[in-house]
file run.cif (mmCIF, C-alpha atoms and all ligand atoms; chains and numbers go by the auth columns)
data_structure
loop_
_atom_site.group_PDB
_atom_site.id
_atom_site.type_symbol
_atom_site.label_atom_id
_atom_site.label_comp_id
_atom_site.label_asym_id
_atom_site.label_seq_id
_atom_site.Cartn_x
_atom_site.Cartn_y
_atom_site.Cartn_z
_atom_site.B_iso_or_equiv
_atom_site.auth_seq_id
_atom_site.auth_asym_id
ATOM 1 C CA MET A 1 0.898 -22.371 -9.496 0.00 1 A
ATOM 2 C CA ALA A 2 3.014 -19.451 -8.358 0.00 2 A
ATOM 3 C CA VAL A 3 3.825 -16.795 -5.811 0.00 3 A
ATOM 4 C CA ILE A 4 3.094 -13.245 -6.964 0.00 4 A
ATOM 5 C CA GLU A 5 4.651 -10.367 -4.991 0.00 5 A
ATOM 6 C CA ILE A 6 2.599 -7.239 -5.683 0.00 6 A
ATOM 7 C CA ASN A 7 5.011 -4.296 -5.600 0.00 7 A
ATOM 8 C CA HIS A 8 3.017 -1.101 -5.872 0.00 8 A
ATOM 9 C CA PRO A 9 4.114 2.241 -4.355 0.00 9 A
ATOM 10 C CA LEU A 10 0.830 2.669 -2.492 0.00 10 A
ATOM 11 C CA ILE A 11 1.113 -0.835 -1.021 0.00 11 A
ATOM 12 C CA GLN A 12 4.779 -0.286 -0.137 0.00 12 A
ATOM 13 C CA HIS A 13 3.916 2.996 1.582 0.00 13 A
ATOM 14 C CA LYS A 14 1.124 1.459 3.669 0.00 14 A
ATOM 15 C CA MET A 15 3.199 -1.627 4.519 0.00 15 A
ATOM 16 C CA THR A 16 5.751 0.652 6.168 0.00 16 A
ATOM 17 C CA TYR A 17 3.058 1.949 8.530 0.00 17 A
ATOM 18 C CA LEU A 18 1.993 -1.639 9.342 0.00 18 A
ATOM 19 C CA ARG A 19 5.559 -2.610 10.141 0.00 19 A
ATOM 20 C CA ASN A 20 6.165 0.361 12.450 0.00 20 A
ATOM 21 C CA LYS A 21 5.775 -0.912 16.019 0.00 21 A
ATOM 22 C CA ASP A 22 4.526 2.555 17.072 0.00 22 A
ATOM 23 C CA THR A 23 1.582 2.581 14.647 0.00 23 A
ATOM 24 C CA ASP A 24 -1.681 2.766 16.631 0.00 24 A
ATOM 25 C CA THR A 25 -4.428 0.145 16.320 0.00 25 A
ATOM 26 C CA LYS A 26 -6.807 2.325 14.277 0.00 26 A
ATOM 27 C CA THR A 27 -4.121 3.273 11.736 0.00 27 A
ATOM 28 C CA PHE A 28 -2.951 -0.358 11.605 0.00 28 A
ATOM 29 C CA ARG A 29 -6.474 -1.549 10.789 0.00 29 A
ATOM 30 C CA GLU A 30 -7.029 1.138 8.147 0.00 30 A
ATOM 31 C CA ASN A 31 -3.766 0.398 6.334 0.00 31 A
ATOM 32 C CA LEU A 32 -4.359 -3.361 6.472 0.00 32 A
ATOM 33 C CA ASN A 33 -7.755 -2.974 4.833 0.00 33 A
ATOM 34 C CA GLU A 34 -6.443 -0.540 2.218 0.00 34 A
ATOM 35 C CA ILE A 35 -3.613 -2.898 1.230 0.00 35 A
ATOM 36 C CA ALA A 36 -6.099 -5.771 0.931 0.00 36 A
ATOM 37 C CA LYS A 37 -8.245 -3.553 -1.305 0.00 37 A
ATOM 38 C CA LEU A 38 -5.307 -2.619 -3.550 0.00 38 A
ATOM 39 C CA MET A 39 -4.250 -6.286 -3.827 0.00 39 A
ATOM 40 C CA THR A 40 -7.811 -7.286 -4.775 0.00 40 A
ATOM 41 C CA TYR A 41 -7.472 -5.424 -8.075 0.00 41 A
ATOM 42 C CA GLU A 42 -4.630 -7.794 -9.024 0.00 42 A
ATOM 43 C CA VAL A 43 -6.111 -10.976 -7.551 0.00 43 A
ATOM 44 C CA THR A 44 -9.472 -10.567 -9.345 0.00 44 A
ATOM 45 C CA LYS A 45 -7.997 -9.868 -12.782 0.00 45 A
ATOM 46 C CA SER A 46 -9.332 -13.116 -14.249 0.00 46 A
ATOM 47 C CA LEU A 47 -12.808 -13.189 -12.660 0.00 47 A
ATOM 48 C CA PRO A 48 -15.441 -14.454 -15.125 0.00 48 A
ATOM 49 C CA VAL A 49 -17.971 -11.937 -16.464 0.00 49 A
ATOM 50 C CA ASP A 50 -21.302 -12.301 -18.267 0.00 50 A
ATOM 51 C CA GLU A 51 -22.444 -10.064 -21.117 0.00 51 A
ATOM 52 C CA VAL A 52 -25.659 -8.113 -20.415 0.00 52 A
ATOM 53 C CA ILE A 53 -27.763 -5.453 -22.161 0.00 53 A
ATOM 54 C CA VAL A 54 -27.789 -2.099 -20.369 0.00 54 A
ATOM 55 C CA GLU A 55 -29.715 1.021 -21.343 0.00 55 A
ATOM 56 C CA THR A 56 -27.887 4.344 -20.963 0.00 56 A
ATOM 57 C CA PRO A 57 -29.767 7.663 -21.024 0.00 57 A
ATOM 58 C CA LEU A 58 -28.996 7.677 -24.789 0.00 58 A
ATOM 59 C CA MET A 59 -29.369 4.065 -25.992 0.00 59 A
ATOM 60 C CA LYS A 60 -29.115 0.337 -25.315 0.00 60 A
ATOM 61 C CA THR A 61 -25.664 -1.206 -25.310 0.00 61 A
ATOM 62 C CA THR A 62 -23.880 -4.321 -24.071 0.00 62 A
ATOM 63 C CA GLY A 63 -22.038 -4.409 -20.795 0.00 63 A
ATOM 64 C CA HIS A 64 -20.440 -7.013 -18.550 0.00 64 A
ATOM 65 C CA VAL A 65 -21.178 -8.062 -14.974 0.00 65 A
ATOM 66 C CA LEU A 66 -19.364 -10.412 -12.642 0.00 66 A
ATOM 67 C CA GLN A 67 -20.795 -13.915 -12.871 0.00 67 A
ATOM 68 C CA ASP A 68 -23.178 -14.506 -9.994 0.00 68 A
ATOM 69 C CA LYS A 69 -21.298 -17.268 -8.191 0.00 69 A
ATOM 70 C CA ALA A 70 -17.927 -15.659 -8.888 0.00 70 A
ATOM 71 C CA ILE A 71 -16.147 -15.593 -5.553 0.00 71 A
ATOM 72 C CA ALA A 72 -16.182 -16.273 -1.867 0.00 72 A
ATOM 73 C CA VAL A 73 -13.769 -14.586 0.518 0.00 73 A
ATOM 74 C CA VAL A 74 -12.644 -16.829 3.389 0.00 74 A
ATOM 75 C CA PRO A 75 -10.620 -15.178 6.162 0.00 75 A
ATOM 76 C CA ILE A 76 -8.578 -17.353 8.490 0.00 76 A
ATOM 77 C CA LEU A 77 -9.630 -16.040 11.917 0.00 77 A
ATOM 78 C CA ARG A 78 -8.662 -13.732 13.552 0.00 78 A
ATOM 79 C CA ALA A 79 -6.180 -11.689 11.521 0.00 79 A
ATOM 80 C CA GLY A 80 -7.827 -12.592 8.194 0.00 80 A
ATOM 81 C CA LEU A 81 -10.840 -10.574 9.362 0.00 81 A
ATOM 82 C CA GLY A 82 -8.724 -7.439 8.980 0.00 82 A
ATOM 83 C CA MET A 83 -8.686 -7.871 5.188 0.00 83 A
ATOM 84 C CA VAL A 84 -12.338 -8.724 4.504 0.00 84 A
ATOM 85 C CA ASP A 85 -13.965 -5.253 4.352 0.00 85 A
ATOM 86 C CA GLY A 86 -11.325 -3.965 1.929 0.00 86 A
ATOM 87 C CA ILE A 87 -11.904 -6.896 -0.428 0.00 87 A
ATOM 88 C CA VAL A 88 -15.711 -7.082 -0.354 0.00 88 A
ATOM 89 C CA SER A 89 -15.987 -3.295 -0.739 0.00 89 A
ATOM 90 C CA LEU A 90 -14.703 -3.907 -4.281 0.00 90 A
ATOM 91 C CA VAL A 91 -16.552 -7.173 -4.924 0.00 91 A
ATOM 92 C CA PRO A 92 -20.122 -6.695 -3.613 0.00 92 A
ATOM 93 C CA THR A 93 -21.259 -10.075 -5.005 0.00 93 A
ATOM 94 C CA ALA A 94 -18.754 -11.985 -2.867 0.00 94 A
ATOM 95 C CA LYS A 95 -20.006 -14.367 -0.182 0.00 95 A
ATOM 96 C CA ILE A 96 -17.984 -14.726 3.007 0.00 96 A
ATOM 97 C CA GLY A 97 -16.942 -17.882 4.862 0.00 97 A
ATOM 98 C CA HIS A 98 -14.842 -18.181 8.029 0.00 98 A
ATOM 99 C CA ILE A 99 -12.225 -20.693 9.168 0.00 99 A
ATOM 100 C CA GLY A 100 -10.926 -20.458 12.742 0.00 100 A
ATOM 101 C CA VAL A 101 -7.358 -21.709 13.129 0.00 101 A
ATOM 102 C CA TYR A 102 -4.780 -20.521 15.655 0.00 102 A
ATOM 103 C CA ARG A 103 -1.166 -21.474 15.999 0.00 103 A
ATOM 104 C CA ASN A 104 -0.130 -23.344 19.139 0.00 104 A
ATOM 105 C CA GLU A 105 2.520 -21.087 20.664 0.00 105 A
ATOM 106 C CA GLU A 106 4.818 -23.995 21.616 0.00 106 A
ATOM 107 C CA THR A 107 4.462 -26.407 18.698 0.00 107 A
ATOM 108 C CA LEU A 108 3.520 -23.845 16.013 0.00 108 A
ATOM 109 C CA GLU A 109 0.961 -26.424 14.868 0.00 109 A
ATOM 110 C CA PRO A 110 -2.414 -25.111 13.640 0.00 110 A
ATOM 111 C CA THR A 111 -5.356 -25.670 15.996 0.00 111 A
ATOM 112 C CA TYR A 112 -8.793 -25.720 14.381 0.00 112 A
ATOM 113 C CA TYR A 113 -11.721 -24.224 16.306 0.00 113 A
ATOM 114 C CA TYR A 114 -14.493 -23.021 13.958 0.00 114 A
ATOM 115 C CA CYS A 115 -15.797 -23.024 10.406 0.00 115 A
ATOM 116 C CA LYS A 116 -18.846 -21.723 8.539 0.00 116 A
ATOM 117 C CA LEU A 117 -18.899 -21.641 4.751 0.00 117 A
ATOM 118 C CA PRO A 118 -21.462 -20.524 2.125 0.00 118 A
ATOM 119 C CA VAL A 119 -23.540 -23.539 1.028 0.00 119 A
ATOM 120 C CA ASP A 120 -22.539 -23.036 -2.626 0.00 120 A
ATOM 121 C CA ILE A 121 -18.842 -22.522 -1.930 0.00 121 A
ATOM 122 C CA GLN A 122 -17.765 -25.428 -4.130 0.00 122 A
ATOM 123 C CA GLU A 123 -19.148 -23.460 -7.107 0.00 123 A
ATOM 124 C CA ARG A 124 -17.061 -20.381 -6.279 0.00 124 A
ATOM 125 C CA LYS A 125 -13.482 -19.241 -6.662 0.00 125 A
ATOM 126 C CA VAL A 126 -12.241 -18.881 -3.095 0.00 126 A
ATOM 127 C CA ILE A 127 -9.911 -16.091 -2.050 0.00 127 A
ATOM 128 C CA LEU A 128 -8.459 -17.437 1.216 0.00 128 A
ATOM 129 C CA VAL A 129 -7.024 -14.543 3.206 0.00 129 A
ATOM 130 C CA ASP A 130 -4.632 -14.183 6.106 0.00 130 A
ATOM 131 C CA PRO A 131 -2.166 -11.298 6.482 0.00 131 A
ATOM 132 C CA MET A 132 0.660 -13.625 7.583 0.00 132 A
ATOM 133 C CA LEU A 133 2.144 -16.711 5.904 0.00 133 A
ATOM 134 C CA ALA A 134 4.810 -17.936 8.360 0.00 134 A
ATOM 135 C CA THR A 135 5.375 -21.741 8.590 0.00 135 A
ATOM 136 C CA GLY A 136 2.396 -22.269 6.286 0.00 136 A
ATOM 137 C CA GLY A 137 0.619 -24.477 8.835 0.00 137 A
ATOM 138 C CA SER A 138 -2.527 -22.350 9.122 0.00 138 A
ATOM 139 C CA ALA A 139 -2.856 -21.742 5.378 0.00 139 A
ATOM 140 C CA ILE A 140 -2.298 -25.418 4.539 0.00 140 A
ATOM 141 C CA TYR A 141 -4.847 -26.498 7.148 0.00 141 A
ATOM 142 C CA ALA A 142 -7.412 -24.084 5.681 0.00 142 A
ATOM 143 C CA ILE A 143 -6.708 -25.132 2.078 0.00 143 A
ATOM 144 C CA ASP A 144 -7.091 -28.805 3.055 0.00 144 A
ATOM 145 C CA TYR A 145 -10.390 -27.961 4.760 0.00 145 A
ATOM 146 C CA LEU A 146 -11.710 -26.078 1.708 0.00 146 A
ATOM 147 C CA LYS A 147 -10.691 -28.859 -0.691 0.00 147 A
ATOM 148 C CA ASN A 148 -12.444 -31.404 1.546 0.00 148 A
ATOM 149 C CA ALA A 149 -15.544 -29.176 1.283 0.00 149 A
ATOM 150 C CA GLY A 150 -15.371 -29.564 -2.512 0.00 150 A
ATOM 151 C CA VAL A 151 -13.733 -26.244 -3.417 0.00 151 A
ATOM 152 C CA LYS A 152 -11.767 -26.537 -6.660 0.00 152 A
ATOM 153 C CA ASP A 153 -10.432 -23.025 -7.286 0.00 153 A
ATOM 154 C CA ILE A 154 -8.458 -21.425 -4.442 0.00 154 A
ATOM 155 C CA VAL A 155 -6.042 -18.516 -4.317 0.00 155 A
ATOM 156 C CA PHE A 156 -4.265 -17.400 -1.136 0.00 156 A
ATOM 157 C CA MET A 157 -3.843 -13.702 -0.372 0.00 157 A
ATOM 158 C CA CYS A 158 -1.507 -12.479 2.365 0.00 158 A
ATOM 159 C CA LEU A 159 0.501 -9.377 3.139 0.00 159 A
ATOM 160 C CA VAL A 160 3.755 -10.804 4.509 0.00 160 A
ATOM 161 C CA ALA A 161 5.091 -14.226 3.527 0.00 161 A
ATOM 162 C CA ALA A 162 8.148 -16.092 4.808 0.00 162 A
ATOM 163 C CA PRO A 163 10.088 -18.152 2.229 0.00 163 A
ATOM 164 C CA GLU A 164 9.523 -21.231 4.420 0.00 164 A
ATOM 165 C CA GLY A 165 5.739 -20.844 4.330 0.00 165 A
ATOM 166 C CA ILE A 166 5.699 -20.159 0.586 0.00 166 A
ATOM 167 C CA ALA A 167 7.725 -23.313 -0.090 0.00 167 A
ATOM 168 C CA LYS A 168 5.459 -25.447 2.122 0.00 168 A
ATOM 169 C CA VAL A 169 2.226 -24.198 0.540 0.00 169 A
ATOM 170 C CA LEU A 170 3.527 -24.537 -3.046 0.00 170 A
ATOM 171 C CA GLN A 171 4.808 -28.026 -2.218 0.00 171 A
ATOM 172 C CA THR A 172 1.567 -29.305 -0.653 0.00 172 A
ATOM 173 C CA HIS A 173 -0.834 -27.354 -2.876 0.00 173 A
ATOM 174 C CA PRO A 174 0.878 -26.528 -6.184 0.00 174 A
ATOM 175 C CA ASP A 175 -2.532 -25.628 -7.640 0.00 175 A
ATOM 176 C CA VAL A 176 -2.931 -22.660 -5.248 0.00 176 A
ATOM 177 C CA SER A 177 -1.453 -19.300 -6.270 0.00 177 A
ATOM 178 C CA ILE A 178 -0.064 -17.141 -3.477 0.00 178 A
ATOM 179 C CA TYR A 179 -0.442 -13.357 -3.718 0.00 179 A
ATOM 180 C CA THR A 180 1.627 -11.391 -1.224 0.00 180 A
ATOM 181 C CA ALA A 181 2.548 -7.736 -0.698 0.00 181 A
ATOM 182 C CA LYS A 182 6.021 -8.702 0.527 0.00 182 A
ATOM 183 C CA ILE A 183 8.244 -11.774 0.711 0.00 183 A
ATOM 184 C CA ASP A 184 10.194 -11.234 3.956 0.00 184 A
ATOM 185 C CA GLN A 185 13.540 -12.704 5.092 0.00 185 A
ATOM 186 C CA GLY A 186 12.579 -15.649 7.301 0.00 186 A
ATOM 187 C CA LEU A 187 11.221 -16.969 10.617 0.00 187 A
ATOM 188 C CA ASN A 188 12.749 -16.443 14.062 0.00 188 A
ATOM 189 C CA GLU A 189 12.929 -19.152 16.770 0.00 189 A
ATOM 190 C CA HIS A 190 9.350 -18.369 17.822 0.00 190 A
ATOM 191 C CA GLY A 191 8.009 -18.783 14.291 0.00 191 A
ATOM 192 C CA TYR A 192 7.556 -15.046 13.771 0.00 192 A
ATOM 193 C CA ILE A 193 8.312 -13.541 10.387 0.00 193 A
ATOM 194 C CA TYR A 194 11.225 -11.098 10.342 0.00 194 A
ATOM 195 C CA PRO A 195 11.364 -8.219 9.769 0.00 195 A
ATOM 196 C CA GLY A 196 7.582 -8.801 9.669 0.00 196 A
ATOM 197 C CA LEU A 197 5.104 -6.680 11.598 0.00 197 A
ATOM 198 C CA GLY A 198 4.686 -8.627 14.846 0.00 198 A
ATOM 199 C CA ASP A 199 1.560 -10.570 15.833 0.00 199 A
ATOM 200 C CA CYS A 200 -0.973 -9.333 13.325 0.00 200 A
ATOM 201 C CA GLY A 201 -4.121 -10.534 15.096 0.00 201 A
ATOM 202 C CA ASP A 202 -3.047 -8.901 18.347 0.00 202 A
ATOM 203 C CA ARG A 203 -2.218 -5.633 16.578 0.00 203 A
ATOM 204 C CA ILE A 204 -5.577 -5.529 14.768 0.00 204 A
ATOM 205 C CA PHE A 205 -7.637 -6.244 17.891 0.00 205 A
ATOM 206 C CA GLY A 206 -5.352 -4.695 20.513 0.00 206 A
ATOM 207 C CA THR A 207 -5.218 -7.988 22.428 0.00 207 A
ATOM 208 C CA LYS A 208 -1.618 -7.647 23.563 0.00 208 A
HETATM 209 O O1 LIG B . 1.887 -19.778 8.849 0.00 1 B
HETATM 210 P P1 LIG B . 1.697 -20.061 10.335 0.00 1 B
HETATM 211 O O2 LIG B . 2.959 -20.536 11.013 0.00 1 B
HETATM 212 O O3 LIG B . 0.511 -20.928 10.614 0.00 1 B
HETATM 213 O O4 LIG B . 1.422 -18.641 11.047 0.00 1 B
HETATM 214 C C1 LIG B . 0.522 -17.755 10.472 0.00 1 B
HETATM 215 C C2 LIG B . -0.714 -17.617 11.354 0.00 1 B
HETATM 216 O O5 LIG B . -0.355 -17.081 12.652 0.00 1 B
HETATM 217 C C3 LIG B . -1.150 -15.930 12.939 0.00 1 B
HETATM 218 O O6 LIG B . -2.384 -16.284 13.535 0.00 1 B
HETATM 219 P P2 LIG B . -2.467 -16.639 15.103 0.00 1 B
HETATM 220 O O7 LIG B . -2.257 -18.116 15.253 0.00 1 B
HETATM 221 O O8 LIG B . -1.569 -15.722 15.847 0.00 1 B
HETATM 222 O O9 LIG B . -3.982 -16.354 15.433 0.00 1 B
HETATM 223 P P3 LIG B . -4.696 -14.924 15.369 0.00 1 B
HETATM 224 O O10 LIG B . -4.758 -14.545 13.887 0.00 1 B
HETATM 225 O O11 LIG B . -6.021 -15.185 15.950 0.00 1 B
HETATM 226 O O12 LIG B . -3.839 -13.977 16.136 0.00 1 B
HETATM 227 C C4 LIG B . -1.472 -15.379 11.572 0.00 1 B
HETATM 228 O O13 LIG B . -2.657 -14.596 11.598 0.00 1 B
HETATM 229 C C5 LIG B . -1.653 -16.623 10.724 0.00 1 B
HETATM 230 O O14 LIG B . -2.961 -17.115 10.799 0.00 1 B
HETATM 231 O O1 LIG B . 5.057 -12.964 12.204 0.00 2 B
HETATM 232 C C1 LIG B . 4.008 -13.579 12.416 0.00 2 B
HETATM 233 C C2 LIG B . 3.933 -14.986 12.256 0.00 2 B
HETATM 234 C C3 LIG B . 2.750 -15.608 12.508 0.00 2 B
HETATM 235 N N1 LIG B . 1.689 -14.871 12.883 0.00 2 B
HETATM 236 C C4 LIG B . 1.755 -13.511 13.040 0.00 2 B
HETATM 237 O O2 LIG B . 0.769 -12.860 13.374 0.00 2 B
HETATM 238 N N2 LIG B . 2.927 -12.892 12.804 0.00 2 B
HETATM 239 MG MG MG B . -4.267 -16.604 12.601 0.00 3 B
#

call {"tool": "encode", "arguments": {"input": "run.cif", "output": "structure tokens"}}
result
Amino acid sequence: MAVIEINHPLIQHKMTYLRNKDTDTKTFRENLNEIAKLMTYEVTKSLPVDEVIVETPLMKTTGHVLQDKAIAVVPILRAGLGMVDGIVSLVPTAKIGHIGVYRNEETLEPTYYYCKLPVDIQERKVILVDPMLATGGSAIYAIDYLKNAGVKDIVFMCLVAAPEGIAKVLQTHPDVSIYTAKIDQGLNEHGYIYPGLGDCGDRIFGTK
């Protein structure tokens, strides 16, 4: 499908705080969640709705509600967890799955370690989330896993994407749209996105 870079002043403002190496853990977490929330408005633009009758204090009228099995949010552990609250605070009907994948520091290959998905996930549009799209290895692994579980409709939401990772995902999964807050310049020799924001999982959880 496509890569959509969501340029919005509020997102740009908050991204600058995420990038700043001196931003403390609490502020980092708050901004990450707020950006995910702002991006959700864009990503959910085409969610299906059902027509219902609702009674106001004056009269009956028709309204619309999100279809019951509309979406599932699936964070790629750990850093994806930093986006979940912001998203589900806007979409209360969303179910949540988890896929644990970490990148081997030497080979940069994705290493799978955990997964739990809603039983009806194949009936839902899945918003797969991870703040960072670097080589694309983790995202591609997770998309493969979801497709093997029968999921048909997947979009990928991240905050910072390297051109290399975008190309890899679009090449292997052209049916998956990528929503990102920023397309950055590239990857350094350690597979980190530059200018980037460092190791996102470690900055969210203070593990380094
Ligand atoms: O596109 P890739 O080259 O796969 O890199 C991106 C992945 O790397 C980071 O996770 P990490 O492996 O550091 O695990 P963590 O989120 O638990 O820190 C990040 O959160 C992505 O999941
Ligand atoms: O820049 C990067 C690349 C991969 N994973 C991260 O957390 N940051
Ligand atoms: Mg990760």

call {"tool": "closest_atom_pairs", "arguments": {"input": "run.cif", "of": "chain A", "to": "ligand LIG 2 (chain B)", "cutoff": "7 Å", "atoms": "only C-alpha atoms and all ligand atoms", "output": "Markdown table"}}
result
| residue | atom | partner | partner_atom | distance |
| --- | --- | --- | --- | --- |
| A:Met132 | CA | B:LIG2 | N1 | 5.5 |
| A:Leu133 | CA | B:LIG2 | C3 | 6.7 |
| A:Ala134 | CA | B:LIG2 | C2 | 5.0 |
| A:Gly191 | CA | B:LIG2 | C2 | 5.9 |
| A:Tyr192 | CA | B:LIG2 | O1 | 3.6 |
| A:Ile193 | CA | B:LIG2 | O1 | 3.8 |
| A:Tyr194 | CA | B:LIG2 | O1 | 6.7 |
| A:Gly196 | CA | B:LIG2 | O1 | 5.5 |
| A:Leu197 | CA | B:LIG2 | O1 | 6.3 |
| A:Gly198 | CA | B:LIG2 | N2 | 5.0 |
| A:Asp199 | CA | B:LIG2 | O2 | 3.5 |
| A:Cys200 | CA | B:LIG2 | O2 | 3.9 |
| A:Gly201 | CA | B:LIG2 | O2 | 5.7 |

call {"tool": "closest_residue", "arguments": {"input": "run.cif", "among": "A:Thr135, A:Gln12, A:Ser177, A:Asn33", "to": "Gly165 of chain A", "atoms": "all atoms listed in the file"}}
result
A:Thr135

call {"tool": "resolve_selection", "arguments": {"input": "run.cif", "expression": "the PyMOL selection byres (((chain A and resi 62) around 6) and not hetatm)", "output": "list of chain:residue names"}}
result
A:Val52, A:Ile53, A:Val54, A:Thr61, A:Gly63

call {"tool": "residues_near_ligand", "arguments": {"input": "run.cif", "ligand": "ligand MG 3 (chain B)", "cutoff": "7 Å", "atoms": "all atoms listed in the file", "output": "list in words"}}
result
Ile76, Leu77, Arg78, Ala79, Gly80, Val101, Tyr102, Arg103, Asp130, Ser138 and Gly201 of chain A

call {"tool": "write_last_selection", "arguments": {"input": "run.cif", "atoms": "C-alpha atoms", "output": "PDB file, keeping the file's coordinate frame"}}
result
ATOM      1  CA  ILE A  76      -8.578 -17.353   8.490  1.00  0.00           C
ATOM      2  CA  LEU A  77      -9.630 -16.040  11.917  1.00  0.00           C
ATOM      3  CA  ARG A  78      -8.662 -13.732  13.552  1.00  0.00           C
ATOM      4  CA  ALA A  79      -6.180 -11.689  11.521  1.00  0.00           C
ATOM      5  CA  GLY A  80      -7.827 -12.592   8.194  1.00  0.00           C
ATOM      6  CA  VAL A 101      -7.358 -21.709  13.129  1.00  0.00           C
ATOM      7  CA  TYR A 102      -4.780 -20.521  15.655  1.00  0.00           C
ATOM      8  CA  ARG A 103      -1.166 -21.474  15.999  1.00  0.00           C
ATOM      9  CA  ASP A 130      -4.632 -14.183   6.106  1.00  0.00           C
ATOM     10  CA  SER A 138      -2.527 -22.350   9.122  1.00  0.00           C
ATOM     11  CA  GLY A 201      -4.121 -10.534  15.096  1.00  0.00           C
TER      12      GLY A 201
END

call {"tool": "closest_residue", "arguments": {"input": "run.cif", "among": "A:Ile4, A:Ile204, A:Val151, A:Ala72", "to": "ligand LIG 1 (chain B)", "atoms": "all atoms listed in the file"}}
result
A:Ile204

call {"tool": "residues_near_point", "arguments": {"input": "run.cif", "point": "(-12.9, -26.2, 12.9)", "cutoff": "9 Å", "atoms": "all atoms listed in the file", "output": "ChimeraX atom specification"}}
result
/A:99-101,111-116,145

call {"tool": "closest_residue", "arguments": {"input": "run.cif", "among": "A:Val176, A:Leu81, A:Leu117, A:Ile154", "to": "ligand LIG 1 (chain B)", "atoms": "all atoms listed in the file"}}
result
A:Leu81

call {"tool": "residues_near_point", "arguments": {"input": "run.cif", "point": "(3.1, -17.5, -5.5)", "cutoff": "7 Å", "atoms": "only C-alpha atoms", "output": "NGL selection string"}}
result
:A and (1-4 or 177-179)

call {"tool": "resolve_selection", "arguments": {"input": "run.cif", "expression": "the PyMOL selection byres (((chain A and resi 164) around 8) and not hetatm)", "output": "list of chain:residue names"}}
result
A:Ala134, A:Thr135, A:Gly136, A:Ala162, A:Pro163, A:Gly165, A:Ile166, A:Ala167, A:Lys168, A:Gly186, A:Leu187

call {"tool": "residues_around", "arguments": {"input": "run.cif", "residues": "Leu66 of chain A", "least_positions_apart": "5", "cutoff": "10 Å", "atoms": "only C-alpha atoms", "output": "list in words"}}
result
Leu47, Pro48, Val49, Asp50, Glu51, Ile71, Val91, Pro92, Thr93 and Ala94 of chain A

call {"tool": "atom_distance", "arguments": {"input": "run.cif", "atom1": "atom CA of Ala161 of chain A", "atom2": "atom CA of Lys69 of chain A"}}
result
29.0 Å

call {"tool": "axis_aligned_box", "arguments": {"input": "run.cif", "around": "segment 36-48 of chain A", "padding_each_side": "4 Å", "output": "AutoDock Vina command-line options"}}
result
--center_x -9.8 --center_y -8.5 --center_z -7.1 --size_x 19.2 --size_y 19.8 --size_z 24.1

call {"tool": "resolve_selection", "arguments": {"input": "run.cif", "expression": "the PyMOL selection byres (((chain A and resi 119-124) around 10) and not hetatm)", "output": "ChimeraX atom specification"}}
result
/A:67-74,94-97,116-118,125-127,146-154

call {"tool": "closest_residue", "arguments": {"input": "run.cif", "among": "A:Thr25, A:Glu109, A:Ala181, A:Ser46", "to": "ligand LIG 1 (chain B)", "atoms": "all atoms listed in the file"}}
result
A:Glu109
